[in-house]
2 protein chains.
Amino acid sequence: MHKTTIKDIAKKLGVSTSSVSRAFNDKHDIKKETRDLILRTAKEMNYSPNPMAKKLAQNKSFNVGVVVPEFITEYYSRVIMAIQEVLYFNGYQMLVMQSNENSELELNNVKTLLDNMVDGLIISPNEDGDNQDFYLEKFEKGCPMVFISRVKESLPVPKVKFNNFKWSLFATEHLIEQGHKKIYHLSGHRNISVTKERTNGFLRAMEKHSIEETNYKVIETGLSTDEGKKIIAKLIKNNDLPDAFFCENDEVAMGAIKQLRDNKFSVPEDVAIMGFTETRLAELMLPELSSVKQPTFEIGRSAAEMLLNQIKNGVRDPNTIILDGTLNVRESSLKI
Amino acid sequence: MHKTTIKDIAKKLGVSTSSVSRAFNDKHDIKKETRDLILRTAKEMNYSPNPMAKKLAQNKSFNVGVVVPEFITEYYSRVIMAIQEVLYFNGYQMLVMQSNENSELELNNVKTLLDNMVDGLIISPNEDGDNQDFYLEKFEKGCPMVFISRVKESLPVPKVKFNNFKWSLFATEHLIEQGHKKIYHLSGHRNISVTKERTNGFLRAMEKHSIEETNYKVIETGLSTDEGKKIIAKLIKNNDLPDAFFCENDEVAMGAIKQLRDNKFSVPEDVAIMGFTETRLAELMLPELSSVKQPTFEIGRSAAEMLLNQIKNGVRDPNTIILDGTLNVRESSLKI
DNA sequence: TTGTAAGCGTTATCAT
DNA sequence: ATGATAACGCTTACAA
C-alpha cells in the first residue's frame, strides 16, 4: 500500500514538488489559491509528510534528549510530563533515558542521544562524576542544553533550579517557630548541589535563630526511605532523638516516620518531622506529612522552553531560572 | 563542523560507499580484512551513522509508540521503564504519550504516532470509547501492535495482561479466611475490563464460600484516592460499614484507610482493607497495606518483546500472555 | 509566484 | 567481494 508523497500531489495537480513543499511550510512565497488547493487535495489524498525525509533534508531530528536519574518517583514523572507537553506542542519529540544515579551510565546515555542526533538535551546530572567538563564543552561548541534541578551554581550553562536554600530555610524556621528546640537535618548526598543548598538553608536558620551547636546536627542520610529508616534506628539506639527532623525529601521523611512509629514514638508528639519535595502521598501518611512543594510542572515547562529557544532562535545565554515553591504545613511538624 | 559520513571513509580508503555500508551492517558479503579496516578507520575518524538517512533509506523509523493513560503512578512508570529497556537494547526508541483516561485524546495520540511512522504500537487503551474498531483494522492491515493491561479478552489482538480474576479471587479469599464476614468490593470503572475481571474474582469468592447476598456488595468507586475517601464517607454516614473492603487498587485503598482513620475507625481492628496493584508505599502506610503485587517489569518486557517479534520477524499471532503476581499480606487485612 | 534540480546520508540493486 | 548508481521523500538554491 503506497503512502502518498508530495510527488503524487504534484503530479495530480500538475504543479512542482517544491510548490507542494512550500504550501506545507507556508513560506509567503506561494499564491494563496494554489496553497489552498494543494492543502485541500493533500487532505483528500490522505497525505501526511514523511518525517524521516524531512529530518534528513533539514538535518534536524526534531528530537530532544532527556536524561534523568530515574522516572519512578513523582518528581521526575511530573517534570517529564511537562517537558513532553511543551515539546509536543512545538513539533518535537522526547527521548528519555535514566541514569540510575550512575554518572557513567549518564554519560553513555548522553552520548547515545547525541549519536541519535537529538537537537538538544535536558539533563538532570548526577554530579558525582566528572561529566561536567564534557557537558560544558558540548554546550560551548553549540549544542543546545538545559540542566535541571541538580547543577552546580557555578557552571556557566542554562539551568532551571528550585530555590532550595530559601525553602529549606523557611521549612526549618517553621520547625523553630513551632517551638522545637533540638533539630536534626537528615541530608542527602554530600556531592549533590541540591543537598548542599538545602543543608545551607538549614544552617542559615540555625545561625539566624542563634541555636547553639549542641542543639542541632546535620546527618548525611541519603535519598531513600530505607536510609531514613536506618538512621532513625541508629539514633534511637544511641538515645539521641531530637525534637524535630528536617528531612532531605519525603522519601526519607516517610522512612523516618515509619521507623519512629514502629518503635512506639508518636509523630509529632514525641518527634516532629518535616519533609521536602512533596508527593501526592504526603496527605495520606499518618500523620499527614508537612513538606515543601516544588513546582514540578513549571520546572519542566521552563526547561523545555529554554531549550526550544536555543534550538529555534539560537539564544544561548547561560542564564538560570530559579523557581519558588510552597510550604505545606500539615500535622507531622506541629508542636502539640 | 562537518560530521563524518560513509563517503568520507570511502574516499579516504579508496573503496566504495557500498563497502562501507556493508562493513557496518555486517552482511557476510564482505572480506573480513576490508571490513576490519573500514571499521577501524571509521572509529579513527569518529564516525557515527546518521540515523535519519538510515531510516529514510530503509523506510523504518526504529521508533515505537507507547500510549498509556498516565505515567505518574508507579504502575505505568515501571511498565514504561521495562519497555524502554528492551527496545533500547534492540536499537529502537520509544515515544510515550498519555491519554489522560480520555479515549478521544488516546486516538489522537495513536494517529500522531502513526503519522510519525512508528514501526509499532503498545497501547493500554481506555476502553470507554470505540477506538477498538480502529485498532483492530490497523492491526489487521499489518501494523505491529501489542495491548497491555486493559483490553477486552475477546479482541483478537496480541495482548499482555495480568490475571486479575485469579488474584482478586485469592485476595478476597484471604479476607474470608481471616474471618471477615461482611465484605464490600470497591470497584473501578464498569467499562474497564480490568475492573470487570477483578469484580468477577470477588464474586467468584463469594459464590465459592457461599456468602449470602446480604453480606457483600460491589460498589462502583473509581480509581482515585479521592473517590475512595468519598465512598467511605458515604458509607459511614449511612452506618453501612462492613468488616472488610477489597479495593480496586491501592489508591482507593489508601483513600479508604485515610477516611476511616479520620473518623476514628481503626484499621484493621474495626475494618480491614485489601488493596491491589501494590505500590512502593504500601509498606509505609499505617497500618501497612496488604495488596497484590503485579509484575510490572514482566508486563513491559513481554509487551516489548512481542512487539519486536512482530516488527522484526513478522510474527502476527493474536496470542495473549497472562501473568501472575504475588499476594502480599501485611497488617491492614488481618483479623485481630 | 513557480519550476528545475541538486542534495541530505544511507541502503539496495545490479553489474563486474 | 566490490563498485556504480538509483532510490528514499523531502527542502532549498537558483532560474525563469
# chains A, B, ... in the order shown; residues from 1 in each chain; ligands from 1
>>> interface_residues(of="chain D", to="chain A", cutoff="8 Å", atoms="only C-alpha atoms (C1' of nucleotides)", output="list in words")
DC8, DG9, DC10 and DT11 of chain D
>>> select_by_dssp(residues="region 177-279 of chain A", states="helix (DSSP H, G or I)", output="PyMOL selection string")
chain A and resi 177+193-208+213-215+225-237+250-262
>>> interface_residues(of="chain A", to="chain B", cutoff="10 Å", atoms="only C-alpha atoms", output="MDAnalysis selection string")
chainID A and resid 1 47:57 59:61 70:78 80:81 84:85 88 93:98 114:117 141 225 251 254:255 257:259 261:262 280:281 283:288
>>> interface_residues(of="chain C", to="chain A", cutoff="10 Å", atoms="only C-alpha atoms (C1' of nucleotides)", output="PyMOL selection string")
chain C and resi 1-4+7-10
>>> write_last_selection(atoms="N, CA and C atoms (P, O5', C5', C4', C3', O3' and C1' of nucleotides)", output="compact mmCIF listing (two decimals), in the first residue's frame")
# COMPACT_ATOMS: atom_id res chain seq x y z
P DT C 1 3.35 35.98 -4.17
O5' DT C 1 3.39 34.99 -5.37
C5' DT C 1 2.31 34.82 -6.24
C4' DT C 1 2.81 33.88 -7.27
C3' DT C 1 2.89 32.44 -6.78
O3' DT C 1 1.99 31.69 -7.57
C1' DT C 1 4.88 33.06 -7.93
P DT C 2 1.81 30.19 -7.53
O5' DT C 2 3.08 29.67 -8.31
C5' DT C 2 2.95 29.27 -9.65
C4' DT C 2 4.27 28.83 -10.15
C3' DT C 2 4.65 27.39 -9.84
O3' DT C 2 4.28 26.61 -10.96
C1' DT C 2 6.51 28.88 -9.78
P DG C 3 4.52 25.03 -10.88
O5' DG C 3 6.00 24.91 -11.46
C5' DG C 3 6.29 25.46 -12.73
C4' DG C 3 7.74 25.23 -13.07
C3' DG C 3 8.20 23.77 -12.93
O3' DG C 3 8.97 23.44 -14.08
C1' DG C 3 9.60 25.19 -11.63
P DT C 4 9.52 21.99 -14.30
O5' DT C 4 11.06 22.18 -13.93
C5' DT C 4 11.77 23.28 -14.47
C4' DT C 4 13.25 23.10 -14.17
C3' DT C 4 13.73 21.65 -14.11
O3' DT C 4 15.02 21.58 -14.69
C1' DT C 4 14.15 22.69 -12.02
P DG C 7 24.91 18.82 -5.90
O5' DG C 7 24.27 18.46 -4.48
C5' DG C 7 23.97 19.53 -3.58
C4' DG C 7 23.15 18.97 -2.45
C3' DG C 7 23.75 17.69 -1.83
O3' DG C 7 23.99 17.94 -0.46
C1' DG C 7 21.42 17.49 -2.18
P DC C 8 25.05 17.09 0.31
O5' DC C 8 24.31 16.68 1.63
C5' DC C 8 23.42 17.53 2.32
C4' DC C 8 22.43 16.68 3.08
C3' DC C 8 22.99 15.28 3.38
O3' DC C 8 23.63 15.30 4.65
C1' DC C 8 20.68 15.24 2.64
P DG C 9 25.14 14.78 4.78
O5' DG C 9 24.92 13.23 5.01
C5' DG C 9 24.23 12.81 6.17
C4' DG C 9 23.87 11.36 6.03
C3' DG C 9 25.07 10.44 5.77
O3' DG C 9 24.90 9.32 6.62
C1' DG C 9 23.43 10.10 4.11
P DT C 10 25.98 8.22 6.82
O5' DT C 10 25.03 6.96 6.96
C5' DT C 10 24.93 6.09 5.86
C4' DT C 10 23.48 5.72 5.69
C3' DT C 10 23.32 4.34 5.11
O3' DT C 10 22.96 3.43 6.14
C1' DT C 10 22.08 5.95 3.84
>>> atom_distance(atom1="CA of Gln178 (chain A)", atom2="CA of Ala233 (chain A)")
24.9 Å
>>> residues_around(residues="region 142-155 of chain A", least_positions_apart="2", cutoff="7 Å", atoms="only C-alpha atoms (C1' of nucleotides)", output="list in words")
Gly120, Leu121, Ile122, Ile123, Ser124, Pro125, Lys138, Phe139, Glu140, Val157, Pro158, Lys159, Val160, Lys161, Phe162, Ile192, Ser193, Val194, Ala303, Leu307, Gln310 and Ile311 of chain A
>>> atom_distance(atom1="CA of Asp36 (chain B)", atom2="CA of Ala23 (chain B)")
7.7 Å
>>> atom_distance(atom1="CA of Glu269 (chain B)", atom2="CA of His174 (chain B)")
15.9 Å
>>> residues_around(residues="DA6 (chain D)", least_positions_apart="4", cutoff="12 Å", atoms="only C-alpha atoms (C1' of nucleotides)", output="mmCIF file with N, CA and C atoms (P, O5', C5', C4', C3', O3' and C1' of nucleotides), in the first residue's frame")
data_model
loop_
_atom_site.group_PDB
_atom_site.id
_atom_site.type_symbol
_atom_site.label_atom_id
_atom_site.label_comp_id
_atom_site.auth_asym_id
_atom_site.auth_seq_id
_atom_site.Cartn_x
_atom_site.Cartn_y
_atom_site.Cartn_z
ATOM 1 N N ALA B 57 16.240 5.588 4.094
ATOM 2 C CA ALA B 57 16.593 4.579 3.101
ATOM 3 C C ALA B 57 15.838 3.274 3.345
ATOM 4 P P DT C 11 23.257 1.927 5.880
ATOM 5 O "O5'" DT C 11 22.183 1.525 4.757
ATOM 6 C "C5'" DT C 11 20.816 1.516 5.097
ATOM 7 C "C4'" DT C 11 20.023 1.128 3.871
ATOM 8 C "C3'" DT C 11 20.271 -0.297 3.374
ATOM 9 O "O3'" DT C 11 18.996 -0.851 3.081
ATOM 10 C "C1'" DT C 11 20.647 1.234 1.628
ATOM 11 P P DA C 12 18.842 -2.352 2.641
ATOM 12 O "O5'" DA C 12 18.773 -2.239 1.062
ATOM 13 C "C5'" DA C 12 17.791 -1.393 0.446
ATOM 14 C "C4'" DA C 12 17.788 -1.678 -1.042
ATOM 15 C "C3'" DA C 12 18.035 -3.142 -1.398
ATOM 16 O "O3'" DA C 12 17.301 -3.424 -2.584
ATOM 17 C "C1'" DA C 12 19.807 -1.817 -2.224
ATOM 18 P P DT C 13 17.189 -4.961 -3.075
ATOM 19 O "O5'" DT C 13 17.324 -4.841 -4.654
ATOM 20 C "C5'" DT C 13 16.933 -3.628 -5.310
ATOM 21 C "C4'" DT C 13 17.743 -3.469 -6.579
ATOM 22 C "C3'" DT C 13 18.102 -4.802 -7.265
ATOM 23 O "O3'" DT C 13 17.787 -4.688 -8.650
ATOM 24 C "C1'" DT C 13 20.048 -3.496 -6.949
ATOM 25 P P DC C 14 17.669 -6.013 -9.577
ATOM 26 O "O5'" DC C 14 18.832 -5.754 -10.627
ATOM 27 C "C5'" DC C 14 19.173 -4.406 -10.998
ATOM 28 C "C4'" DC C 14 20.634 -4.340 -11.358
ATOM 29 C "C3'" DC C 14 21.167 -5.595 -12.067
ATOM 30 O "O3'" DC C 14 21.662 -5.239 -13.339
ATOM 31 C "C1'" DC C 14 22.652 -4.844 -10.377
#
>>> decode(residues="region 81-100 of chain B", atoms="N, CA and C atoms", output="PDB file, in the first residue's frame")
ATOM      1  N   MET B  81       9.400   1.827  31.901  1.00  0.00           N
ATOM      2  CA  MET B  81      10.828   1.570  32.083  1.00  0.00           C
ATOM      3  C   MET B  81      11.246   0.259  31.436  1.00  0.00           C
ATOM      4  N   ALA B  82      10.432  -0.754  31.683  1.00  0.00           N
ATOM      5  CA  ALA B  82      10.770  -2.076  31.155  1.00  0.00           C
ATOM      6  C   ALA B  82      10.697  -2.081  29.634  1.00  0.00           C
ATOM      7  N   ILE B  83       9.672  -1.466  29.101  1.00  0.00           N
ATOM      8  CA  ILE B  83       9.544  -1.383  27.646  1.00  0.00           C
ATOM      9  C   ILE B  83      10.785  -0.720  27.062  1.00  0.00           C
ATOM     10  N   GLN B  84      11.127   0.405  27.665  1.00  0.00           N
ATOM     11  CA  GLN B  84      12.242   1.176  27.142  1.00  0.00           C
ATOM     12  C   GLN B  84      13.538   0.370  27.145  1.00  0.00           C
ATOM     13  N   GLU B  85      13.726  -0.373  28.216  1.00  0.00           N
ATOM     14  CA  GLU B  85      14.952  -1.154  28.338  1.00  0.00           C
ATOM     15  C   GLU B  85      15.081  -2.162  27.186  1.00  0.00           C
ATOM     16  N   VAL B  86      14.000  -2.888  26.939  1.00  0.00           N
ATOM     17  CA  VAL B  86      14.025  -3.893  25.875  1.00  0.00           C
ATOM     18  C   VAL B  86      14.215  -3.231  24.514  1.00  0.00           C
ATOM     19  N   LEU B  87      13.482  -2.168  24.266  1.00  0.00           N
ATOM     20  CA  LEU B  87      13.582  -1.506  22.973  1.00  0.00           C
ATOM     21  C   LEU B  87      14.994  -0.976  22.744  1.00  0.00           C
ATOM     22  N   TYR B  88      15.520  -0.311  23.750  1.00  0.00           N
ATOM     23  CA  TYR B  88      16.837   0.276  23.619  1.00  0.00           C
ATOM     24  C   TYR B  88      17.867  -0.780  23.254  1.00  0.00           C
ATOM     25  N   PHE B  89      17.767  -1.887  23.939  1.00  0.00           N
ATOM     26  CA  PHE B  89      18.688  -2.991  23.716  1.00  0.00           C
ATOM     27  C   PHE B  89      18.627  -3.484  22.268  1.00  0.00           C
ATOM     28  N   ASN B  90      17.475  -3.312  21.640  1.00  0.00           N
ATOM     29  CA  ASN B  90      17.294  -3.760  20.261  1.00  0.00           C
ATOM     30  C   ASN B  90      17.412  -2.637  19.232  1.00  0.00           C
ATOM     31  N   GLY B  91      17.916  -1.498  19.679  1.00  0.00           N
ATOM     32  CA  GLY B  91      18.134  -0.402  18.743  1.00  0.00           C
ATOM     33  C   GLY B  91      16.892   0.383  18.382  1.00  0.00           C
ATOM     34  N   TYR B  92      15.875   0.274  19.209  1.00  0.00           N
ATOM     35  CA  TYR B  92      14.656   1.036  18.956  1.00  0.00           C
ATOM     36  C   TYR B  92      14.474   2.118  20.006  1.00  0.00           C
ATOM     37  N   GLN B  93      13.703   3.124  19.643  1.00  0.00           N
ATOM     38  CA  GLN B  93      13.378   4.155  20.603  1.00  0.00           C
ATOM     39  C   GLN B  93      11.887   4.202  20.863  1.00  0.00           C
ATOM     40  N   MET B  94      11.557   4.861  21.944  1.00  0.00           N
ATOM     41  CA  MET B  94      10.188   4.825  22.414  1.00  0.00           C
ATOM     42  C   MET B  94       9.631   6.241  22.465  1.00  0.00           C
ATOM     43  N   LEU B  95       8.451   6.423  21.913  1.00  0.00           N
ATOM     44  CA  LEU B  95       7.764   7.700  22.070  1.00  0.00           C
ATOM     45  C   LEU B  95       6.538   7.455  22.938  1.00  0.00           C
ATOM     46  N   VAL B  96       6.507   8.069  24.111  1.00  0.00           N
ATOM     47  CA  VAL B  96       5.399   7.834  25.042  1.00  0.00           C
ATOM     48  C   VAL B  96       4.391   8.963  24.960  1.00  0.00           C
ATOM     49  N   MET B  97       3.133   8.612  24.959  1.00  0.00           N
ATOM     50  CA  MET B  97       2.098   9.648  25.065  1.00  0.00           C
ATOM     51  C   MET B  97       1.061   9.234  26.098  1.00  0.00           C
ATOM     52  N   GLN B  98       0.451  10.237  26.702  1.00  0.00           N
ATOM     53  CA  GLN B  98      -0.569   9.975  27.723  1.00  0.00           C
ATOM     54  C   GLN B  98      -1.948  10.270  27.191  1.00  0.00           C
ATOM     55  N   SER B  99      -2.895   9.449  27.565  1.00  0.00           N
ATOM     56  CA  SER B  99      -4.263   9.709  27.096  1.00  0.00           C
ATOM     57  C   SER B  99      -5.140  10.300  28.190  1.00  0.00           C
ATOM     58  N   ASN B 100      -4.615  10.430  29.400  1.00  0.00           N
ATOM     59  CA  ASN B 100      -5.405  11.018  30.491  1.00  0.00           C
ATOM     60  C   ASN B 100      -6.775  10.395  30.637  1.00  0.00           C
TER      61      ASN B 100
END
